[in-house]
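Shown here: upload_21.cif, mmCIF, C-alpha atoms and all ligand atoms.
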```
data_structure
loop_
_atom_site.label_atom_id
_atom_site.label_comp_id
_atom_site.auth_asym_id
_atom_site.auth_seq_id
_atom_site.Cartn_x
_atom_site.Cartn_y
_atom_site.Cartn_z
CA MET A 1 -8.63 4.84 11.68
CA PHE A 2 -5.43 2.95 10.81
CA CYS A 3 -3.96 3.68 14.23
CA ARG A 4 -7.03 1.93 15.63
CA ILE A 5 -6.39 -1.08 13.39
CA VAL A 6 -2.80 -1.16 14.71
CA ALA A 7 -4.16 -0.97 18.26
CA ARG A 8 -6.64 -3.74 17.38
CA THR A 9 -9.61 -1.62 18.46
CA VAL A 10 -10.99 -1.74 14.90
CA PRO A 11 -11.20 -5.17 13.25
CA ALA A 12 -9.16 -5.93 10.14
CA THR A 13 -7.87 -9.01 8.37
CA ILE A 14 -4.20 -8.63 9.21
CA CYS A 15 -1.93 -10.64 6.92
CA TYR A 16 1.44 -9.45 8.20
CA GLU A 17 2.80 -7.61 11.21
CA ASP A 18 6.08 -6.99 12.92
CA ALA A 19 7.41 -4.39 15.34
CA ASP A 20 7.13 -1.56 12.80
CA VAL A 21 4.87 -2.65 9.94
CA VAL A 22 1.27 -3.92 9.71
CA ALA A 23 -0.52 -5.15 6.56
CA PHE A 24 -4.21 -5.93 6.19
CA ASP A 25 -6.86 -6.47 3.54
CA ALA A 26 -8.35 -3.29 2.08
CA VAL A 27 -12.12 -2.93 2.60
CA PRO A 28 -13.65 -2.64 0.15
CA ALA A 29 -11.06 -4.25 -2.12
CA ALA A 30 -10.68 -2.41 -5.42
CA THR A 31 -8.86 -5.32 -7.05
CA LYS A 32 -8.62 -9.07 -6.50
CA LEU A 33 -5.50 -8.59 -4.38
CA HIS A 34 -5.71 -5.35 -2.41
CA VAL A 35 -3.66 -5.13 0.75
CA LEU A 36 -2.68 -2.00 2.67
CA VAL A 37 0.80 -1.82 4.19
CA ILE A 38 1.25 0.77 6.93
CA PRO A 39 3.82 1.82 9.51
CA ARG A 40 2.76 0.95 13.05
CA ARG A 41 3.56 4.48 14.20
CA HIS A 42 1.45 7.34 12.92
CA ILE A 43 3.01 9.05 9.88
CA PRO A 44 0.45 11.12 7.94
CA SER A 45 1.71 10.48 4.42
CA VAL A 46 4.71 9.48 2.34
CA ALA A 47 5.60 13.18 2.21
CA ASP A 48 6.23 12.95 5.97
CA LEU A 49 8.26 9.75 5.80
CA ALA A 50 11.86 10.66 6.63
CA ASP A 51 12.92 7.28 8.04
CA THR A 52 14.57 5.63 5.02
CA GLU A 53 15.04 2.33 6.82
CA LEU A 54 11.29 2.17 7.56
CA ALA A 55 10.52 3.27 3.98
CA GLY A 56 12.51 0.34 2.64
CA ARG A 57 10.91 -2.10 5.03
CA LEU A 58 7.39 -1.00 4.02
CA VAL A 59 8.22 -1.55 0.35
CA ARG A 60 9.87 -4.89 1.07
CA VAL A 61 6.84 -6.13 3.04
CA ALA A 62 4.59 -5.03 0.17
CA SER A 63 6.68 -6.92 -2.39
CA THR A 64 6.72 -10.02 -0.20
CA ILE A 65 2.93 -9.94 0.14
CA ALA A 66 2.61 -9.84 -3.67
CA ALA A 67 5.10 -12.69 -4.04
CA GLU A 68 3.32 -14.81 -1.45
CA ALA A 69 0.00 -14.13 -3.20
CA GLY A 70 1.55 -15.65 -6.31
CA VAL A 71 0.97 -12.65 -8.55
CA LYS A 72 3.57 -11.84 -11.19
CA SER A 73 2.28 -8.36 -11.93
CA PHE A 74 1.23 -5.97 -9.23
CA ARG A 75 0.98 -2.28 -8.40
CA LEU A 76 2.44 -0.60 -5.35
CA ALA A 77 0.96 2.86 -4.89
CA THR A 78 0.51 5.56 -2.28
CA ASN A 79 -1.38 8.83 -2.40
CA SER A 80 -0.15 11.90 -0.55
CA GLY A 81 -2.40 14.80 0.41
CA ALA A 82 -6.04 15.59 -0.29
CA PRO A 83 -7.92 14.96 -2.47
CA LEU A 84 -5.99 11.88 -3.58
CA GLN A 85 -5.32 10.63 -0.06
CA ASP A 86 -8.36 9.46 1.89
CA VAL A 87 -6.94 8.20 5.20
CA PHE A 88 -4.14 10.34 6.64
CA HIS A 89 -2.01 7.54 7.97
CA LEU A 90 0.62 6.53 5.40
CA HIS A 91 -0.47 3.44 3.52
CA TRP A 92 0.88 1.61 0.51
CA HIS A 93 -1.70 -0.12 -1.68
CA VAL A 94 -0.56 -3.53 -2.97
CA MET A 95 -2.89 -4.26 -5.87
CA ALA A 96 -3.15 -6.98 -8.48
CA GLY A 97 -5.88 -8.46 -10.61
CA ASP A 98 -7.44 -8.57 -14.01
CA GLY A 99 -8.55 -5.39 -15.70
CA MET A 100 -5.94 -3.08 -14.20
CA GLY A 101 -4.54 -0.62 -16.71
CA HIS A 102 -1.31 1.27 -16.63
CA PRO A 103 -1.79 4.55 -14.73
CA ALA A 104 -1.97 7.76 -16.75
CA GLY A 105 -2.14 5.84 -20.02
CA ILE A 106 1.65 5.81 -20.33
CA ALA A 107 1.78 2.31 -21.77
CA PHE A 108 -0.80 3.30 -24.35
CA SER A 109 1.09 6.41 -25.46
CA ARG A 110 4.34 4.43 -25.73
CA ARG A 111 2.62 1.94 -28.02
CA ALA A 112 1.27 4.85 -30.05
CA GLU A 113 4.78 6.30 -30.42
CA ALA A 114 6.16 2.94 -31.53
CA SER A 115 3.60 2.56 -34.31
ZN ZN A 201 -2.62 6.82 12.34
#
```
Serialized structure, structure tokens:
Amino acid sequence: MFCRIVARTVPATICYEDADVVAFDAVPAATKLHVLVIPRRHIPSVADLADTELAGRLVRVASTIAAEAGVKSFRLATNSGAPLQDVFHLHWHVMAGDGMGHPAGIAFSRRAEAS
């Protein structure tokens, strides 16, 4: 699926691309800002990502997208392996918007410890 977006045989709203990285709007969007950042070449998941230079570039593109969207708080997340991962082409979710909680309730438990 994502290889077909890279090849432009499946339509997507691409917001960034270079020789190695492509970013496009997630459909459907789960949050107000929801962009997927992927390597142009097929890598199944982050568990298969050995190229540290590419890893850094993917994260940097994701951060730049958040900065250019003007959000001060955002989440950068990737799922690896079923059932968490849905599409088996490595993708980082860049997400921001109202109503997002801290994952796993960690912020909540820290507040509870402090009280
Ligand atoms: Zn692919």
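The smallest atom-to-atom distance between ligand ZN 201 (chain A) and any of A:Ala96, A:Ala7, A:Ala55, A:Ala50, using only C-alpha atoms and all ligand atoms, is found for A:Ala7.
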Mind listing the residues within 7 Å of ligand ZN 201 (chain A), only C-alpha atoms and all ligand atoms counted, as a list in words?
-> Met1, Phe2, Cys3, Arg41, His42, Ile43, Pro44, Phe88 and His89 of chain A
Residue subset to file, keeping C-alpha atoms, as a CSV table (one decimal), in the frame of the given file:
```csv
chain,number,residue,atom,x,y,z
A,1,MET,CA,-8.6,4.8,11.7
A,2,PHE,CA,-5.4,3.0,10.8
A,3,CYS,CA,-4.0,3.7,14.2
A,41,ARG,CA,3.6,4.5,14.2
A,42,HIS,CA,1.4,7.3,12.9
A,43,ILE,CA,3.0,9.0,9.9
A,44,PRO,CA,0.4,11.1,7.9
A,88,PHE,CA,-4.1,10.3,6.6
A,89,HIS,CA,-2.0,7.5,8.0
```
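CA of Ala77 in chain A to CA of Trp92 in chain A spans 5.5 Å [interatomic distance, one decimal].
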Please provide the set of residues having any atom within 12 Å of Val22 in chain A, restricted to only C-alpha atoms, with same-chain residues fewer than 6 positions apart removed, written as an MDAnalysis selection string.
-> chainID A and resid 2:8 12:16 35:42 54 57:59 61:62 65 90:92
Pick out the closest residue to Val94 in chain A from this set: A:Ser45, A:Ser80, A:Thr31, A:Thr9. Count only C-alpha atoms.
-> A:Thr31
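Counting only C-alpha atoms, the residue from A:Thr64, A:Met100, A:Val46, A:Glu53 that sits nearest to Asn79 in chain A is A:Val46.
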Polymer residues at most 12 Å from Ser73 in chain A, only C-alpha atoms, same-chain spacing of 5 or more positions, as a PyMOL selection string = chain A and resi 33+63+66-67+94-102
How big is the axis-aligned box, and where does its centre sit, when it encloses all atoms of range 25-40 of chain A listed in the file and has 8 Å added on every side, reported in Å to one decimal as lines of an AutoDock Vina configuration file?
```
center_x = -4.9
center_y = -3.6
center_z = 3.0
size_x = 33.5
size_y = 26.9
size_z = 36.1
```
